[in-house]
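Asker: To be precise about what I am sending: the file is called work_1.txt and holds compact mmCIF, C-alpha atoms.
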```
# COMPACT_ATOMS: atom_id res chain seq x y z
CA MET K 1 1.49 14.68 41.01
CA ALA K 2 3.75 15.77 38.15
CA ASP K 3 2.64 18.68 35.97
CA TRP K 4 3.31 17.28 32.49
CA SER K 5 2.52 20.64 30.88
CA GLN K 6 5.71 22.08 32.41
CA LEU K 7 8.19 19.72 30.73
CA PRO K 8 11.15 21.64 29.26
CA LYS K 9 10.98 22.25 25.52
CA ASP K 10 14.31 20.53 24.88
CA LEU K 11 12.93 17.38 26.55
CA LEU K 12 9.78 17.54 24.40
CA ASP K 13 11.97 17.92 21.31
CA LEU K 14 13.92 14.82 22.36
CA ILE K 15 10.68 12.86 22.82
CA ALA K 16 9.43 13.98 19.39
CA LYS K 17 12.68 12.80 17.74
CA HIS K 18 12.16 9.30 19.15
CA LEU K 19 8.63 8.84 17.85
CA ASP K 20 8.50 5.54 16.00
CA SER K 21 8.45 5.64 12.23
CA PRO K 22 6.36 4.91 10.13
CA PHE K 23 3.81 6.11 12.69
CA TYR K 24 5.55 9.45 13.15
CA GLN K 25 2.75 11.75 12.02
CA LEU K 26 0.04 9.98 14.03
CA ASN K 27 2.18 9.81 17.17
CA LYS K 28 3.12 13.47 16.79
CA LEU K 29 -0.56 14.38 16.50
CA ARG K 30 -1.29 12.55 19.73
CA LEU K 31 1.67 14.20 21.44
CA ARG K 32 0.54 17.67 20.36
CA SER K 33 -2.96 16.92 21.65
CA VAL K 34 -1.90 16.39 25.28
CA CYS K 35 -2.07 20.09 26.22
CA SER K 36 -1.60 23.58 24.78
CA SER K 37 2.01 23.91 25.94
CA TRP K 38 2.98 20.63 24.25
CA ARG K 39 1.14 21.68 21.10
CA SER K 40 3.04 24.97 20.89
CA SER K 41 6.38 23.32 21.65
CA ILE K 42 6.22 20.62 18.97
CA SER K 43 6.28 21.79 15.37
CA ASP K 44 3.44 20.81 13.10
CA HIS K 45 5.88 20.38 10.25
CA HIS K 46 4.50 18.80 7.10
CA PRO K 47 7.05 17.17 4.82
CA ARG K 48 7.45 19.13 1.61
CA ARG K 49 6.17 17.67 -1.61
CA ARG K 50 8.71 15.54 -3.42
CA ARG K 51 9.33 16.22 -7.08
CA LEU K 52 11.05 13.40 -8.89
CA PRO K 53 12.24 12.95 -12.47
CA PHE K 54 10.30 10.97 -15.04
CA LEU K 55 10.90 7.20 -15.17
CA PRO K 56 11.07 6.46 -18.93
CA ASN K 57 10.05 3.14 -20.40
CA ASP K 58 13.24 2.71 -22.42
CA GLY K 59 15.74 4.18 -19.96
CA PHE K 60 16.18 7.38 -21.97
CA ILE K 61 14.45 10.71 -21.42
CA THR K 62 13.18 12.55 -24.49
CA THR K 63 12.61 16.29 -24.68
CA HIS K 64 8.86 15.78 -24.29
CA GLN K 65 9.24 13.39 -21.38
CA SER K 66 11.57 15.71 -19.52
CA THR K 67 8.69 18.18 -19.06
CA PHE K 68 6.95 15.66 -16.83
CA ALA K 69 7.84 14.55 -13.33
CA PHE K 70 6.43 12.68 -10.35
CA HIS K 71 4.94 13.90 -7.11
CA LEU K 72 5.41 11.49 -4.19
CA SER K 73 2.42 11.00 -1.90
CA LYS K 74 1.89 8.89 1.22
CA ARG K 75 -1.29 6.98 2.03
CA THR K 76 -2.03 5.38 5.40
CA ILE K 77 -4.33 2.48 6.30
CA PHE K 78 -6.10 2.98 9.63
CA LEU K 79 -8.31 0.73 11.70
CA ILE K 80 -10.70 2.98 13.64
CA THR K 81 -12.81 1.85 16.61
CA LEU K 82 -14.57 3.41 19.56
CA PRO K 83 -12.55 3.35 22.79
CA THR K 84 -15.35 1.41 24.48
CA ASP K 85 -16.19 -1.01 21.66
CA ASN K 86 -13.72 -3.15 19.75
CA ASN K 87 -16.48 -5.11 17.96
CA ASN K 88 -17.40 -2.46 15.41
CA SER K 89 -14.33 -1.27 13.52
CA TRP K 90 -13.74 0.56 10.25
CA LEU K 91 -10.80 0.00 7.88
CA ILE K 92 -9.97 3.02 5.73
CA LYS K 93 -7.10 4.49 3.71
CA THR K 94 -6.34 8.21 3.76
CA GLU K 95 -4.18 10.48 1.64
CA GLU K 96 -3.29 14.05 2.56
CA TYR K 97 -3.63 16.19 -0.56
CA HIS K 98 -3.43 19.53 1.31
CA PRO K 99 -2.17 20.17 4.86
CA SER K 100 -4.88 18.93 7.27
CA GLN K 101 -7.14 17.86 4.38
CA MET K 102 -7.57 14.18 3.59
CA GLN K 103 -9.24 12.13 0.91
CA LEU K 104 -10.56 8.63 1.62
CA LEU K 105 -9.70 5.61 -0.50
CA ASN K 106 -10.54 1.92 -0.63
CA PRO K 107 -8.07 0.22 1.77
CA LEU K 108 -6.86 -2.27 -0.84
CA LEU K 109 -7.71 -0.69 -4.19
CA ARG K 110 -6.51 2.54 -5.81
CA THR K 111 -10.01 3.99 -6.05
CA GLN K 112 -11.05 7.11 -4.18
CA ILE K 113 -14.25 7.02 -2.12
CA LYS K 114 -16.32 9.90 -3.48
CA SER K 115 -19.90 8.97 -2.57
CA LEU K 116 -19.85 9.40 1.20
CA PRO K 117 -23.07 8.99 3.22
CA LEU K 118 -24.93 12.28 3.64
CA ASP K 119 -24.38 12.27 7.41
CA SER K 120 -20.61 11.77 7.12
CA PRO K 121 -18.63 14.37 9.09
CA LYS K 122 -16.30 16.83 7.36
CA VAL K 123 -13.86 16.85 10.27
CA ILE K 124 -13.02 13.88 12.48
CA ASN K 125 -11.47 14.32 15.90
CA LEU K 126 -9.03 11.44 16.16
CA LEU K 127 -8.97 11.79 19.95
CA ASN K 128 -12.52 10.41 20.07
CA PHE K 129 -11.45 7.06 18.63
CA ARG K 130 -8.98 4.25 19.12
CA ILE K 131 -6.78 4.26 16.02
CA LEU K 132 -4.43 1.53 14.89
CA GLU K 133 -2.14 2.21 11.95
CA LEU K 134 -1.92 -1.06 10.01
CA GLY K 135 0.20 0.00 7.08
CA HIS K 136 1.04 2.65 4.56
CA GLU K 137 1.89 3.01 0.90
CA PHE K 138 3.62 5.54 -1.31
CA VAL K 139 2.36 6.45 -4.76
CA LEU K 140 3.80 8.48 -7.60
CA HIS K 141 1.49 10.96 -9.32
CA TYR K 142 2.42 12.22 -12.76
CA MET K 143 2.85 15.99 -12.80
CA ASN K 144 3.51 18.48 -15.59
CA PHE K 145 5.80 21.33 -14.56
CA ARG K 146 5.54 23.38 -17.75
CA PRO K 147 4.73 26.96 -16.71
CA PHE K 148 1.28 26.99 -18.31
CA GLY K 149 0.53 23.28 -18.17
CA ASN K 150 -1.90 21.41 -15.99
CA THR K 151 -0.57 20.31 -12.60
CA SER K 152 -2.09 16.87 -12.96
CA LEU K 153 -3.00 14.44 -15.70
CA GLY K 154 -6.26 13.36 -14.17
CA ASP K 155 -7.55 10.89 -11.59
CA VAL K 156 -6.47 7.25 -11.93
CA SER K 157 -4.62 8.05 -15.18
CA SER K 158 -2.32 10.38 -13.22
CA LEU K 159 -1.06 7.54 -11.05
CA TYR K 160 2.06 5.50 -11.69
CA MET K 161 0.57 2.03 -11.32
CA GLU K 162 3.52 0.03 -9.97
CA LYS K 163 4.07 -0.37 -6.24
CA VAL K 164 6.60 2.01 -4.68
CA VAL K 165 8.46 1.56 -1.38
CA TYR K 166 10.15 4.41 0.46
CA ILE K 167 12.87 4.71 3.07
CA ARG K 168 14.02 7.83 4.88
CA LEU K 169 17.78 8.03 5.18
CA GLY K 170 17.90 9.46 8.69
CA SER K 171 15.36 10.65 11.26
CA GLU K 172 12.26 12.69 10.39
CA ASN K 173 13.62 15.81 12.08
CA GLU K 174 17.21 15.66 10.89
CA THR K 175 17.20 15.08 7.13
CA ASP K 176 15.03 15.05 4.02
CA ASP K 177 17.17 12.41 2.29
CA PHE K 178 15.28 9.35 1.05
CA ALA K 179 15.31 6.48 -1.43
CA LEU K 180 12.57 4.83 -3.50
CA LEU K 181 12.33 1.38 -5.06
CA THR K 182 9.82 0.32 -7.68
CA ILE K 183 9.44 -2.09 -10.61
CA HIS K 184 10.28 -0.73 -14.05
CA VAL K 185 8.13 -1.54 -17.09
CA SER K 186 10.93 -3.90 -18.20
CA GLY K 187 10.36 -6.02 -15.09
CA LYS K 188 13.66 -4.90 -13.57
CA LEU K 189 14.01 -2.88 -10.38
CA ALA K 190 14.36 0.90 -10.44
CA MET K 191 15.76 3.02 -7.60
CA PHE K 192 15.78 6.74 -7.00
CA LYS K 193 17.75 8.53 -4.29
CA SER K 194 17.28 12.14 -3.28
CA GLY K 195 19.96 14.32 -4.75
CA ASN K 196 20.12 12.31 -7.97
CA LYS K 197 18.80 13.61 -11.27
CA ASN K 198 17.70 10.29 -12.73
CA TRP K 199 16.36 6.89 -11.75
CA CYS K 200 18.75 3.95 -11.73
CA ILE K 201 17.59 0.78 -13.53
CA ILE K 202 19.24 -2.04 -11.57
CA ASP K 203 20.99 -4.78 -13.47
CA ASP K 204 19.47 -8.12 -12.59
CA MET K 205 21.31 -11.07 -11.05
CA PRO K 206 22.55 -13.87 -13.34
CA LEU K 207 19.99 -16.13 -14.95
CA VAL K 208 18.50 -18.89 -12.82
CA ASP K 209 18.24 -22.16 -14.78
CA ASP K 210 18.54 -20.17 -18.02
CA MET K 211 15.47 -18.16 -17.13
CA LEU K 212 15.11 -14.48 -16.25
CA SER K 213 11.88 -13.59 -14.50
CA PRO K 214 10.39 -10.11 -13.99
CA TYR K 215 9.92 -8.80 -10.47
CA ASP K 216 6.48 -9.08 -8.89
CA ASP K 217 6.74 -7.17 -5.60
CA VAL K 218 8.92 -4.93 -3.47
CA VAL K 219 8.74 -4.26 0.27
CA LEU K 220 10.50 -2.40 3.06
CA PHE K 221 11.35 -4.85 5.84
CA ARG K 222 13.40 -3.99 8.95
CA GLY K 223 14.63 -0.81 7.30
CA GLU K 224 15.87 -2.47 4.09
CA PHE K 225 14.51 -3.02 0.58
CA TYR K 226 13.52 -6.53 -0.54
CA ALA K 227 12.17 -7.70 -3.90
CA VAL K 228 10.73 -10.95 -5.23
CA ASP K 229 10.49 -12.04 -8.85
CA ASN K 230 7.85 -14.19 -10.51
CA THR K 231 9.67 -17.41 -9.58
CA GLY K 232 9.86 -16.52 -5.89
CA ARG K 233 13.57 -15.69 -5.99
CA THR K 234 14.00 -13.00 -3.34
CA VAL K 235 16.80 -10.44 -3.07
CA LEU K 236 17.98 -7.78 -0.66
CA VAL K 237 18.39 -4.49 -2.54
CA GLY K 238 21.19 -2.31 -1.23
CA LEU K 239 21.21 1.47 -1.47
CA SER K 240 24.16 1.15 -3.85
CA SER K 241 21.86 -0.79 -6.22
CA ASN K 242 23.57 -4.07 -5.33
CA LEU K 243 21.48 -7.25 -5.04
CA SER K 244 22.05 -10.10 -2.56
CA LEU K 245 20.21 -13.41 -2.75
CA VAL K 246 17.92 -14.01 0.22
CA ALA K 247 15.94 -17.05 -0.96
CA GLY K 248 15.78 -19.27 -4.01
CA SER K 249 12.82 -19.81 -6.31
CA VAL K 250 9.41 -21.20 -5.34
CA PHE K 251 7.77 -22.40 -8.53
CA GLY K 252 4.05 -23.01 -8.74
CA GLY K 253 1.92 -19.88 -8.53
CA ASP K 254 1.47 -16.98 -10.92
CA LYS K 255 2.02 -13.88 -8.78
CA LYS K 256 4.17 -13.35 -5.68
CA PHE K 257 3.66 -10.95 -2.75
CA LEU K 258 5.92 -10.06 0.17
CA VAL K 259 4.18 -9.36 3.49
CA GLU K 260 5.49 -8.46 6.94
CA SER K 261 3.61 -10.22 9.73
CA VAL K 262 4.56 -10.19 13.42
CA GLY K 263 8.12 -9.20 12.54
CA GLN K 264 8.53 -11.99 9.98
CA LEU K 265 8.79 -11.77 6.20
CA LEU K 266 6.23 -13.93 4.39
CA LEU K 267 5.85 -14.88 0.74
CA VAL K 268 2.31 -15.30 -0.62
CA ASP K 269 1.96 -17.23 -3.87
CA MET K 270 -1.25 -16.52 -5.81
CA TYR K 271 -2.51 -19.06 -8.34
CA LEU K 272 -4.53 -17.67 -11.25
CA SER K 273 -6.55 -19.03 -14.14
CA ALA K 274 -7.82 -17.37 -17.30
CA VAL K 275 -11.51 -16.42 -17.40
CA PHE K 276 -13.27 -16.76 -20.76
CA ASP K 277 -16.36 -15.23 -22.31
CA ASP K 278 -18.60 -17.75 -24.09
CA VAL K 279 -20.02 -15.11 -26.43
CA ASP K 280 -18.80 -15.43 -30.03
CA GLY K 281 -17.09 -12.15 -30.91
CA GLY K 282 -17.05 -12.84 -34.66
CA ALA K 283 -13.44 -14.01 -34.80
CA GLU K 284 -12.26 -15.31 -38.15
CA ASP K 285 -10.19 -18.22 -36.82
CA ASP K 286 -9.83 -20.36 -33.71
CA ASP K 287 -6.70 -18.57 -32.44
CA GLU K 288 -8.36 -15.17 -32.70
CA ALA K 289 -11.49 -16.53 -31.03
CA PHE K 290 -9.37 -17.87 -28.18
CA LEU K 291 -7.71 -14.50 -27.61
CA ASP K 292 -10.97 -12.56 -27.96
CA GLY K 293 -12.60 -14.81 -25.41
CA ILE K 294 -10.13 -14.11 -22.60
CA MET K 295 -11.81 -11.79 -20.10
CA GLY K 296 -9.12 -11.70 -17.43
CA GLU K 297 -7.75 -13.80 -14.60
CA SER K 298 -9.50 -15.40 -11.68
CA THR K 299 -7.83 -16.31 -8.38
CA LEU K 300 -7.79 -20.04 -7.63
CA ARG K 301 -5.82 -20.47 -4.41
CA PHE K 302 -2.94 -19.25 -2.26
CA LYS K 303 0.13 -20.68 -0.59
CA VAL K 304 2.02 -18.92 2.20
CA PHE K 305 5.73 -19.35 2.95
CA GLY K 306 8.02 -18.27 5.76
CA LEU K 307 11.68 -17.46 5.21
CA ASP K 308 14.47 -19.75 6.35
CA TRP K 309 17.19 -17.11 6.48
CA GLU K 310 20.09 -19.49 7.03
CA GLY K 311 18.98 -21.99 4.40
CA LYS K 312 18.04 -19.19 1.99
CA LYS K 313 14.78 -20.86 1.10
CA TRP K 314 11.04 -20.41 1.53
CA VAL K 315 9.23 -22.96 3.74
CA GLU K 316 5.48 -23.43 3.44
CA VAL K 317 3.41 -22.17 6.39
CA LYS K 318 0.47 -24.42 7.22
CA SER K 319 -1.51 -21.85 9.20
CA LEU K 320 -1.42 -18.13 9.96
CA GLY K 321 -3.12 -18.69 13.31
CA ASP K 322 -4.87 -15.49 14.41
CA ARG K 323 -3.28 -13.38 11.67
CA VAL K 324 -5.03 -11.95 8.63
CA LEU K 325 -3.07 -10.88 5.52
CA PHE K 326 -4.05 -8.02 3.21
CA LEU K 327 -2.76 -7.90 -0.38
CA GLY K 328 -3.54 -4.50 -1.89
CA ASP K 329 -2.75 -2.89 -5.22
CA ASN K 330 0.01 -0.75 -3.71
CA CYS K 331 0.75 -2.29 -0.31
CA THR K 332 0.63 -5.43 1.80
CA PHE K 333 0.11 -5.65 5.57
CA SER K 334 -1.24 -7.92 8.29
CA ALA K 335 -3.32 -7.65 11.44
CA PRO K 336 -4.56 -9.90 14.24
CA ALA K 337 -8.11 -11.12 13.70
CA SER K 338 -8.88 -10.16 17.30
CA VAL K 339 -8.92 -6.44 16.36
CA LEU K 340 -10.91 -6.91 13.15
CA SER K 341 -14.59 -7.05 14.01
CA GLY K 342 -16.32 -10.10 12.57
CA CYS K 343 -13.17 -11.64 11.10
CA LYS K 344 -11.42 -14.94 11.75
CA GLY K 345 -7.73 -15.72 11.52
CA ASN K 346 -5.90 -17.65 8.79
CA CYS K 347 -7.53 -15.57 6.03
CA ILE K 348 -6.28 -13.42 3.16
CA PHE K 349 -8.00 -10.31 1.83
CA PHE K 350 -6.87 -9.55 -1.72
CA THR K 351 -7.79 -7.68 -4.89
CA GLY K 352 -8.92 -9.81 -7.78
CA ASN K 353 -11.39 -10.35 -10.58
CA PHE K 354 -14.76 -11.97 -10.15
CA ASN K 355 -17.26 -12.92 -12.82
CA ARG K 356 -19.88 -10.27 -12.10
CA ASN K 357 -21.71 -7.75 -14.25
CA CYS K 358 -22.54 -4.15 -13.37
CA GLU K 359 -25.96 -5.03 -11.98
CA GLU K 360 -24.30 -7.39 -9.52
CA GLY K 361 -22.14 -4.71 -7.99
CA GLY K 362 -19.52 -3.92 -10.62
CA SER K 363 -18.38 -0.44 -11.57
CA SER K 364 -20.80 1.47 -13.78
CA ASP K 365 -18.03 3.25 -15.69
CA GLY K 366 -16.67 0.11 -17.32
CA VAL K 367 -13.20 0.51 -15.77
CA PHE K 368 -11.98 -2.49 -13.72
CA ARG K 369 -15.58 -3.67 -13.86
CA ASN K 370 -14.92 -7.03 -12.24
CA ARG K 371 -12.11 -5.93 -9.94
CA GLU K 372 -12.96 -6.02 -6.25
CA ILE K 373 -11.87 -7.37 -2.89
CA GLY K 374 -11.89 -11.11 -2.33
CA VAL K 375 -11.47 -13.30 0.74
CA CYS K 376 -9.55 -16.57 0.93
CA ASP K 377 -10.15 -18.81 3.94
CA LEU K 378 -6.97 -20.86 4.21
CA ASP K 379 -8.67 -23.33 6.56
CA ASN K 380 -10.84 -24.72 3.76
CA GLY K 381 -9.34 -23.08 0.67
CA SER K 382 -12.54 -21.23 -0.26
CA ILE K 383 -12.31 -17.99 -2.25
CA LYS K 384 -15.29 -15.65 -2.44
CA PRO K 385 -16.00 -11.98 -3.12
CA LEU K 386 -16.10 -9.76 -0.06
CA GLY K 387 -19.81 -9.18 -0.62
CA ASP K 388 -20.48 -12.85 0.20
CA TYR K 389 -19.32 -12.18 3.77
CA PRO K 390 -21.69 -9.58 5.30
CA GLU K 391 -19.73 -9.37 8.56
CA TYR K 392 -16.43 -8.88 6.74
CA SER K 393 -17.98 -6.28 4.44
CA LYS K 394 -18.88 -4.09 7.42
CA LEU K 395 -15.17 -3.66 8.07
CA PHE K 396 -14.82 -1.80 4.76
CA TRP K 397 -18.07 -0.04 3.89
CA PRO K 398 -20.29 1.76 4.74
CA PRO K 399 -18.77 3.63 7.70
CA PRO K 400 -20.22 2.57 11.07
CA ALA K 401 -23.07 4.75 12.34
CA TRP K 402 -20.92 5.95 15.25
CA VAL K 403 -18.57 7.78 12.86
CA ALA K 404 -21.32 10.34 12.25
CA SER K 405 -22.93 10.21 15.69
CA THR K 406 -19.73 10.68 17.74
CA THR K 407 -19.07 14.21 18.96
CA LEU K 408 -16.70 15.74 16.44
CA GLY K 409 -14.06 18.42 16.70
CA VAL K 410 -10.95 19.68 14.96
CA GLY K 411 -8.49 17.10 16.23
CA ALA K 412 -7.78 15.78 12.73
CA LYS K 413 -6.31 19.09 11.70
```
How does this structure look as structure tokens?

Answerer:
Amino acid sequence: MADWSQLPKDLLDLIAKHLDSPFYQLNKLRLRSVCSSWRSSISDHHPRRRRLPFLPNDGFITTHQSTFAFHLSKRTIFLITLPTDNNNSWLIKTEEYHPSQMQLLNPLLRTQIKSLPLDSPKVINLLNFRILELGHEFVLHYMNFRPFGNTSLGDVSSLYMEKVVYIRLGSENETDDFALLTIHVSGKLAMFKSGNKNWCIIDDMPLVDDMLSPYDDVVLFRGEFYAVDNTGRTVLVGLSSNLSLVAGSVFGGDKKFLVESVGQLLLVDMYLSAVFDDVDGGAEDDDEAFLDGIMGESTLRFKVFGLDWEGKKWVEVKSLGDRVLFLGDNCTFSAPASVLSGCKGNCIFFTGNFNRNCEEGGSSDGVFRNREIGVCDLDNGSIKPLGDYPEYSKLFWPPPAWVASTTLGVGAK
């Protein structure tokens, strides 16, 4: 029988270079865990923190703004189960804020999970569990690099709120070059490439039917950037900031999402309606009363489309089959229902607003009070808060009992 611990170091280095991205870090951890000789042969290199220039609202950097910059951070969504039991899984998002130290976040929201159960472990040995990486997201934290300034501007307020997608320009071991794509406050696309001093605000394509629509979502698909505007018009974004039309508009809904599912690019169209408060706020006229009464937006329904690449158009998908789509604040991803305990296929998990007060489960701090996870069953069109589905809720919180009861070690380090 072969002695795997005696593989030559150059062969181990070659194996490490071929680890699939974006699962590089997790696969490298598993590779290093095989035996002591493999662990010592494969570097536990942690990518250095990225410092990026400020992205100004008006395209110009003032003296005050130039003292601020961004720090790029990666977050990963994991599905964790026991090796012997696939019927009790846990969906969680992690962010590494120091080497080998993670913070936990809501898988779809931007909120950090701070109130862990008392019996929650401090260190989790990943070798004790079956782990499936479902997706990842990149976020920009505001940072102040003045010599005597604070290194952060706070918790949620320190976060750049638009979605960011990232691509490495080369392999993990060979280069640190990268590019980012996000949506500027103007609704246009903004790109940053390593080595540049400033962001590039990308000129939009010509008007479509005399209408220019802001962009709703960006995604990395098959190693390339794609973006969709509020009409459903979808473009391929080149690294030279050039745009190529991929699909024409899909009018109807109010917010568009791009999702990769089983190697295909999907468009999800969310329909919204305004939610009003019946309480009279003392407005002096009807117009002011109308505006004062608007509480937010409520999700009505969804439509899903697949891409006809040759026809450059979106075609409605009648059913997702066994697939489940997840529409988060900073990322979108999909998974088969067969690996999600208690879930059925042809559903969408999303973040939205529901008419609830604090006593009914809203946030006690008054921030995003009605914002939570919702579930849309595309089979019957029903939309309900996650809390109305006890089996689905177990997928998110609280952690399964076996997380604390399983023998723990230092494998997560």

Asker: Can you pull out every residue within 8 Å of Leu134 in chain K, counting only C-alpha atoms, but drop anything in the same chain fewer than 3 positions away, and send it as a ChimeraX atom specification?

Answerer: /K:76-79,333-335

Asker: Separation of CA of Leu72 in chain K and CA of Val165 in chain K, in Å?

Answerer: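 Between CA of Leu72 in chain K and CA of Val165 in chain K the gap is 10.8 Å.
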
Asker: At what distance in Å, to one decimal, does CA of Val219 in chain K lie from CA of Gly170 in chain K?

Answerer: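 Interatomic distance here is 18.5 Å.
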
Asker: Dump as a Markdown table the rows for residues of range 323-355 of chain K within 10 Å of range 106-116 of chain K: closest atom pair and distance in Å with one decimal, all atoms listed in the file counted, ordered by chain and rising residue number.

Answerer:
```
| residue | atom | partner | partner_atom | distance |
| --- | --- | --- | --- | --- |
| K:Phe326 | CA | K:Leu108 | CA | 7.6 |
| K:Leu327 | CA | K:Leu108 | CA | 7.0 |
| K:Gly328 | CA | K:Leu108 | CA | 4.1 |
| K:Asp329 | CA | K:Leu109 | CA | 5.5 |
| K:Asn330 | CA | K:Leu108 | CA | 7.6 |
| K:Cys331 | CA | K:Leu108 | CA | 7.6 |
| K:Thr332 | CA | K:Leu108 | CA | 8.5 |
| K:Phe349 | CA | K:Leu108 | CA | 8.5 |
| K:Phe350 | CA | K:Leu108 | CA | 7.3 |
| K:Thr351 | CA | K:Leu108 | CA | 6.8 |
| K:Gly352 | CA | K:Leu109 | CA | 9.9 |
```

Asker: Check the smallest atom-to-atom distance from each of K:Leu169, K:Leu91, K:His71, K:Lys193 to Val139 in chain K using only C-alpha atoms, then report the winner.

Answerer: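 Among the listed residues, the smallest separation from Val139 in chain K belongs to K:His71.
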
Asker: If you count only C-alpha atoms, which residues fall within 10 Å of Ile167 in chain K, apart from same-chain ones fewer than 3 positions away, as a PDB file with C-alpha atoms, keeping the file's coordinate frame?

Answerer:
```
ATOM      1  CA  PRO K  22       6.360   4.910  10.130  1.00  0.00           C
ATOM      2  CA  GLY K 170      17.900   9.460   8.690  1.00  0.00           C
ATOM      3  CA  ASP K 177      17.170  12.410   2.290  1.00  0.00           C
ATOM      4  CA  PHE K 178      15.280   9.350   1.050  1.00  0.00           C
ATOM      5  CA  ALA K 179      15.310   6.480  -1.430  1.00  0.00           C
ATOM      6  CA  LEU K 180      12.570   4.830  -3.500  1.00  0.00           C
ATOM      7  CA  LEU K 181      12.330   1.380  -5.060  1.00  0.00           C
ATOM      8  CA  LYS K 193      17.750   8.530  -4.290  1.00  0.00           C
ATOM      9  CA  LEU K 220      10.500  -2.400   3.060  1.00  0.00           C
ATOM     10  CA  GLY K 223      14.630  -0.810   7.300  1.00  0.00           C
ATOM     11  CA  GLU K 224      15.870  -2.470   4.090  1.00  0.00           C
ATOM     12  CA  PHE K 225      14.510  -3.020   0.580  1.00  0.00           C
TER      13      PHE K 225
END
```

Asker: Given 8 Å on each side, where is the centre and what are the edge lengths in Å to one decimal of the axis-aligned box enclosing the listed atoms of range 314-332 of chain K, as AutoDock Vina command-line options?

Answerer:
```
--center_x 3.0 --center_y -12.6 --center_z 4.6 --size_x 32.1 --size_y 39.7 --size_z 35.6
```

Asker: If we count all atoms listed in the file, what is near Trp397 in chain K at a cut-off of 12 Å, once residues fewer than 3 positions away on the same chain are taken out, given as a CSV table (one decimal) with C-alpha atoms, keeping the file's coordinate frame?

Answerer:
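Produced file selection.csv, reproduced below:
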```
chain,number,residue,atom,x,y,z
K,88,ASN,CA,-17.4,-2.5,15.4
K,89,SER,CA,-14.3,-1.3,13.5
K,90,TRP,CA,-13.7,0.6,10.2
K,91,LEU,CA,-10.8,0.0,7.9
K,92,ILE,CA,-10.0,3.0,5.7
K,93,LYS,CA,-7.1,4.5,3.7
K,104,LEU,CA,-10.6,8.6,1.6
K,105,LEU,CA,-9.7,5.6,-0.5
K,106,ASN,CA,-10.5,1.9,-0.6
K,107,PRO,CA,-8.1,0.2,1.8
K,113,ILE,CA,-14.2,7.0,-2.1
K,115,SER,CA,-19.9,9.0,-2.6
K,116,LEU,CA,-19.8,9.4,1.2
K,117,PRO,CA,-23.1,9.0,3.2
K,373,ILE,CA,-11.9,-7.4,-2.9
K,386,LEU,CA,-16.1,-9.8,-0.1
K,387,GLY,CA,-19.8,-9.2,-0.6
K,390,PRO,CA,-21.7,-9.6,5.3
K,391,GLU,CA,-19.7,-9.4,8.6
K,392,TYR,CA,-16.4,-8.9,6.7
K,393,SER,CA,-18.0,-6.3,4.4
K,394,LYS,CA,-18.9,-4.1,7.4
K,400,PRO,CA,-20.2,2.6,11.1
K,401,ALA,CA,-23.1,4.8,12.3
K,403,VAL,CA,-18.6,7.8,12.9
```

Asker: May I have the residues within 10 Å of Ser213 in chain K as a PyMOL selection string, using all atoms listed in the file and disregarding those fewer than 6 positions away in the same chain?

Answerer: chain K and resi 187-188+204+207+228-233

Asker: CA of Lys74 in chain K to CA of Thr94 in chain K: how many Å, to one decimal?

Answerer: 8.6 Å

Asker: Counting all atoms listed in the file, what is within 7 Å of Leu300 in chain K, bar same-chain residues fewer than 3 positions away, as an MDAnalysis selection string?

Answerer: chainID K and resid 271:273

Asker: With distances taken over only C-alpha atoms, which residue among K:Val235, K:Val262, K:Glu297, K:Lys255 lies nearest Lys312 in chain K?

Answerer: K:Val235
